[in-house]
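Visitor: My structure is below; once you've seen it, I'll send some questions.
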Amino acid sequence: MMRIAHISDLHFGTHLPPLAETLCAEIRRMRPDLVALSGDLTQHARPREFAAAATFIRRLPDPVLVVPGNHDLPGWRPWRRFVHPWREWRRHISEDLESSVRGRDFIAIGVKTARRWGMHLDWSRGRINLDQLGRVVRLAGASEPDAVRILVAHHPFLLSDAVRKRGLVGRADEILDGLRSARIDLILGGHLHRSDAGTANGIVVAQAGTAISSRRKGEPNAYNRIQASSRQIRIEAMRWDGKRFAVAGSSSFQRSELGWAPAAHNLHSSPQFEPPSSNNGV
Ligand SMILES: [Fe+2]
Ligand SMILES: [Fe+2]
């Protein structure tokens, strides 16, 4: 089983330094096969926020796969948002907006879902186009048959009732069909600042809360610790308890010919994770 530390929505600029230090130390101790960072590294895409995020990422164990979120676009300078939307990202984080990591028994593919504008009022929403889907299908198709196939994207493919109004990533149904035919096993996302896990179109979807920022949406700071093979996936929600991140609940999934589904011992546990404590501990 490979192991993943899935962190999201760091929002440097509104981050809580003790949590950042603890998270970094926990992930270094865990020595995962992959750190997946699903976007919103900054609060306002300011240079100093990107610099702090870059310093944090450099201290994490390799390999780290990072994708941008909507907060990593400069909303505070319209000219820059439209003409040089990713200048600070490229300067501080990576030349690449969509990278991938190929491990011994997995492939992880990053997709940029954040957009500088949209045909709707809420520009925080994201989408994936058919060229991006084509790249994912090509990379996934070139991996070993038993490799765990992971997609990392900021915007969600799964919504619980509590966050229904936030909206799925654009074209979610169409894209999920394509991802399923590419036999993607696991989608990792953020944006909602709520931990969740479930299946969408036979693919396991894990959402992570905000790991270290004060922008909590009704649950403590959190990240996901994941173990995965091409047959089984187990997701543990790690929540801040005031001193450290502790296991708050877990979900297990199994793959059959029909795709991924909750494991039998999981079927009667709803919600997937324990209800969040009202004490954020910070
Ligand atoms: Fe966020
Ligand atoms: Fe976001």
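Here, A, B, ... name the chains of the structure tokens in the order displayed, residue numbers run from 1 inside each chain, and ligands are numbered from 1 in the same displayed order.
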Residues within 8 Å of ligand 2, counting only C-alpha atoms and all ligand atoms: report them as a PyMOL selection string.

Guide: chain A and resi 9+39-40+69-71+124-125+154-155+190-192

Visitor: Kindly save the residues from that selection, with N, CA and C atoms included, as an mmCIF file, in the first residue's frame.

Guide:
```cif
data_model
loop_
_atom_site.group_PDB
_atom_site.id
_atom_site.type_symbol
_atom_site.label_atom_id
_atom_site.label_comp_id
_atom_site.auth_asym_id
_atom_site.auth_seq_id
_atom_site.Cartn_x
_atom_site.Cartn_y
_atom_site.Cartn_z
ATOM 1 N N ASP A 9 -5.463 23.983 0.929
ATOM 2 C CA ASP A 9 -5.950 25.272 1.416
ATOM 3 C C ASP A 9 -5.120 25.809 2.583
ATOM 4 N N GLY A 39 -4.076 22.972 -3.679
ATOM 5 C CA GLY A 39 -4.404 24.343 -4.037
ATOM 6 C C GLY A 39 -4.767 25.303 -2.921
ATOM 7 N N ASP A 40 -4.930 26.582 -3.321
ATOM 8 C CA ASP A 40 -5.094 27.687 -2.372
ATOM 9 C C ASP A 40 -3.909 27.732 -1.399
ATOM 10 N N GLY A 69 -4.979 26.897 -6.701
ATOM 11 C CA GLY A 69 -6.399 27.106 -6.417
ATOM 12 C C GLY A 69 -6.806 28.509 -6.834
ATOM 13 N N ASN A 70 -8.074 28.819 -6.670
ATOM 14 C CA ASN A 70 -8.576 30.130 -7.095
ATOM 15 C C ASN A 70 -7.943 31.269 -6.311
ATOM 16 N N HIS A 71 -7.539 31.029 -5.055
ATOM 17 C CA HIS A 71 -6.901 32.102 -4.273
ATOM 18 C C HIS A 71 -5.469 32.371 -4.726
ATOM 19 N N SER A 124 -14.834 32.124 -8.294
ATOM 20 C CA SER A 124 -14.055 31.183 -7.485
ATOM 21 C C SER A 124 -14.243 29.750 -7.997
ATOM 22 N N ARG A 125 -15.241 29.547 -8.856
ATOM 23 C CA ARG A 125 -15.491 28.187 -9.343
ATOM 24 C C ARG A 125 -14.443 27.763 -10.364
ATOM 25 N N HIS A 154 -7.959 21.258 -7.464
ATOM 26 C CA HIS A 154 -8.441 22.056 -6.326
ATOM 27 C C HIS A 154 -9.955 21.950 -6.128
ATOM 28 N N HIS A 155 -10.725 22.029 -7.218
ATOM 29 C CA HIS A 155 -12.186 22.146 -7.079
ATOM 30 C C HIS A 155 -12.861 20.778 -6.938
ATOM 31 N N GLY A 190 -9.820 20.096 -2.637
ATOM 32 C CA GLY A 190 -9.963 20.972 -1.475
ATOM 33 C C GLY A 190 -11.077 21.973 -1.727
ATOM 34 N N HIS A 191 -10.780 23.256 -1.508
ATOM 35 C CA HIS A 191 -11.661 24.400 -1.827
ATOM 36 C C HIS A 191 -12.797 24.599 -0.836
ATOM 37 N N LEU A 192 -13.421 23.523 -0.372
ATOM 38 C CA LEU A 192 -14.597 23.655 0.484
ATOM 39 C C LEU A 192 -14.230 23.858 1.945
#
```

Visitor: Which residues sit within 12 Å of ligand 1, counting only C-alpha atoms and all ligand atoms, listed as an NGL selection string?

Guide: :A and (7-15 or 37-45 or 68-73 or 114 or 124-125 or 154-156 or 166 or 189-194 or 207-217 or 221)

Visitor: Name the residues in contact with Thr113 in chain A at a cut-off of 6 Å, using only C-alpha atoms, excluding same-chain residues fewer than 6 positions from it; report them as number ranges by chain.

Guide: A: 126-128

Visitor: Let's see if you can do this: from backbone DSSP, list all strand (DSSP E) residues in range 227-265 of chain A, as a PyMOL selection string.

Guide: chain A and resi 227-228+232-240+245-256+259-262

Visitor: Can you pull out the residues contacting range 234-238 of chain A? Cut-off 7 Å, using only C-alpha atoms, and skip same-chain residues under 6 positions away; I want them as a VMD selection string.

Guide: chain A and resid 195 222 to 228 245 to 253

Visitor: Kindly indicate which residue among A:Arg87, A:Asp96, A:Ala108, A:Pro78 lies nearest to Leu65 in chain A, using only C-alpha atoms for the distances.

Guide: A:Ala108

Visitor: Please identify which residues in range 146-236 of chain A DSSP calls helix (DSSP H, G or I) from the backbone, and express them as number ranges by chain.

Guide: A: 161-166, 172-181

Visitor: Leu258 in chain A: which residues within 10 Å, counting only C-alpha atoms, same-chain residues fewer than 3 positions away excluded, as a PDB file with C-alpha atoms, in the first residue's frame?

Guide:
```pdb
ATOM      1  CA  ASN A 201     -19.100   7.582 -10.713  1.00  0.00           C
ATOM      2  CA  GLY A 202     -17.152   4.668  -9.212  1.00  0.00           C
ATOM      3  CA  ARG A 255     -12.555  -1.865  -6.032  1.00  0.00           C
ATOM      4  CA  ALA A 261     -17.465   1.417  -3.540  1.00  0.00           C
TER       5      ALA A 261
END
```

Visitor: I want to know what sits within 12 Å of Pro63 in chain A, based on only C-alpha atoms, with residues of the same chain fewer than 3 positions away left out; could you give that as a PyMOL selection string?

Guide: chain A and resi 3-5+27-28+31-37+57-60+66+99-103+107-108

Visitor: Find the distance between CA of Ile150 in chain A and CA of Ala51 in chain A and write it in Å to one decimal.

Guide: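 Separating CA of Ile150 in chain A from CA of Ala51 in chain A is a distance of 27.4 Å.
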
Visitor: Would you pick out the contacts of Val205 in chain A at 6 Å or less, using only C-alpha atoms, so that residues sharing its chain but fewer than 5 positions from it are not included, and give the list as number ranges by chain?

Guide: A: 186-187, 197-199

Visitor: Write the residues you've just listed into a file as a compact mmCIF listing (two decimals), in the first residue's frame, and include all heavy atoms for each of them.

Guide:
```txt
# COMPACT_ATOMS: atom_id res chain seq x y z
N LEU A 186 -8.57 7.58 -7.63
CA LEU A 186 -8.71 8.47 -6.48
C LEU A 186 -8.56 9.93 -6.94
O LEU A 186 -7.61 10.27 -7.66
CB LEU A 186 -7.59 8.13 -5.48
CG LEU A 186 -7.41 8.97 -4.23
CD1 LEU A 186 -8.65 8.90 -3.35
CD2 LEU A 186 -6.18 8.47 -3.44
N ILE A 187 -9.50 10.78 -6.54
CA ILE A 187 -9.42 12.21 -6.82
C ILE A 187 -9.24 12.94 -5.50
O ILE A 187 -10.01 12.73 -4.56
CB ILE A 187 -10.71 12.72 -7.51
CG1 ILE A 187 -10.94 11.98 -8.84
CG2 ILE A 187 -10.63 14.22 -7.75
CD1 ILE A 187 -12.26 12.34 -9.52
N ALA A 197 -15.26 12.22 2.25
CA ALA A 197 -14.80 11.13 1.38
C ALA A 197 -16.01 10.34 0.92
O ALA A 197 -16.97 10.15 1.66
CB ALA A 197 -13.83 10.22 2.13
N GLY A 198 -15.97 9.92 -0.31
CA GLY A 198 -17.08 9.15 -0.87
C GLY A 198 -16.70 8.70 -2.27
O GLY A 198 -15.52 8.72 -2.63
N THR A 199 -17.71 8.27 -3.04
CA THR A 199 -17.42 7.89 -4.42
C THR A 199 -18.29 8.71 -5.37
O THR A 199 -19.41 9.11 -5.03
CB THR A 199 -17.70 6.39 -4.67
OG1 THR A 199 -19.05 6.11 -4.32
CG2 THR A 199 -16.76 5.51 -3.85
```

Visitor: Using only C-alpha atoms, pick whichever of A:Ala172, A:Leu23, A:Ile184, A:Leu97 has the shortest atom-to-atom distance to Phe56 in chain A.

Guide: A:Leu23

Visitor: Which residue gives the smallest distance to Leu168 in chain A among A:Ile203, A:Ile233, A:Leu130, A:Ala153, with only C-alpha atoms counted?

Guide: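 Ranked by minimum distance to Leu168 in chain A, first place goes to A:Ala153.
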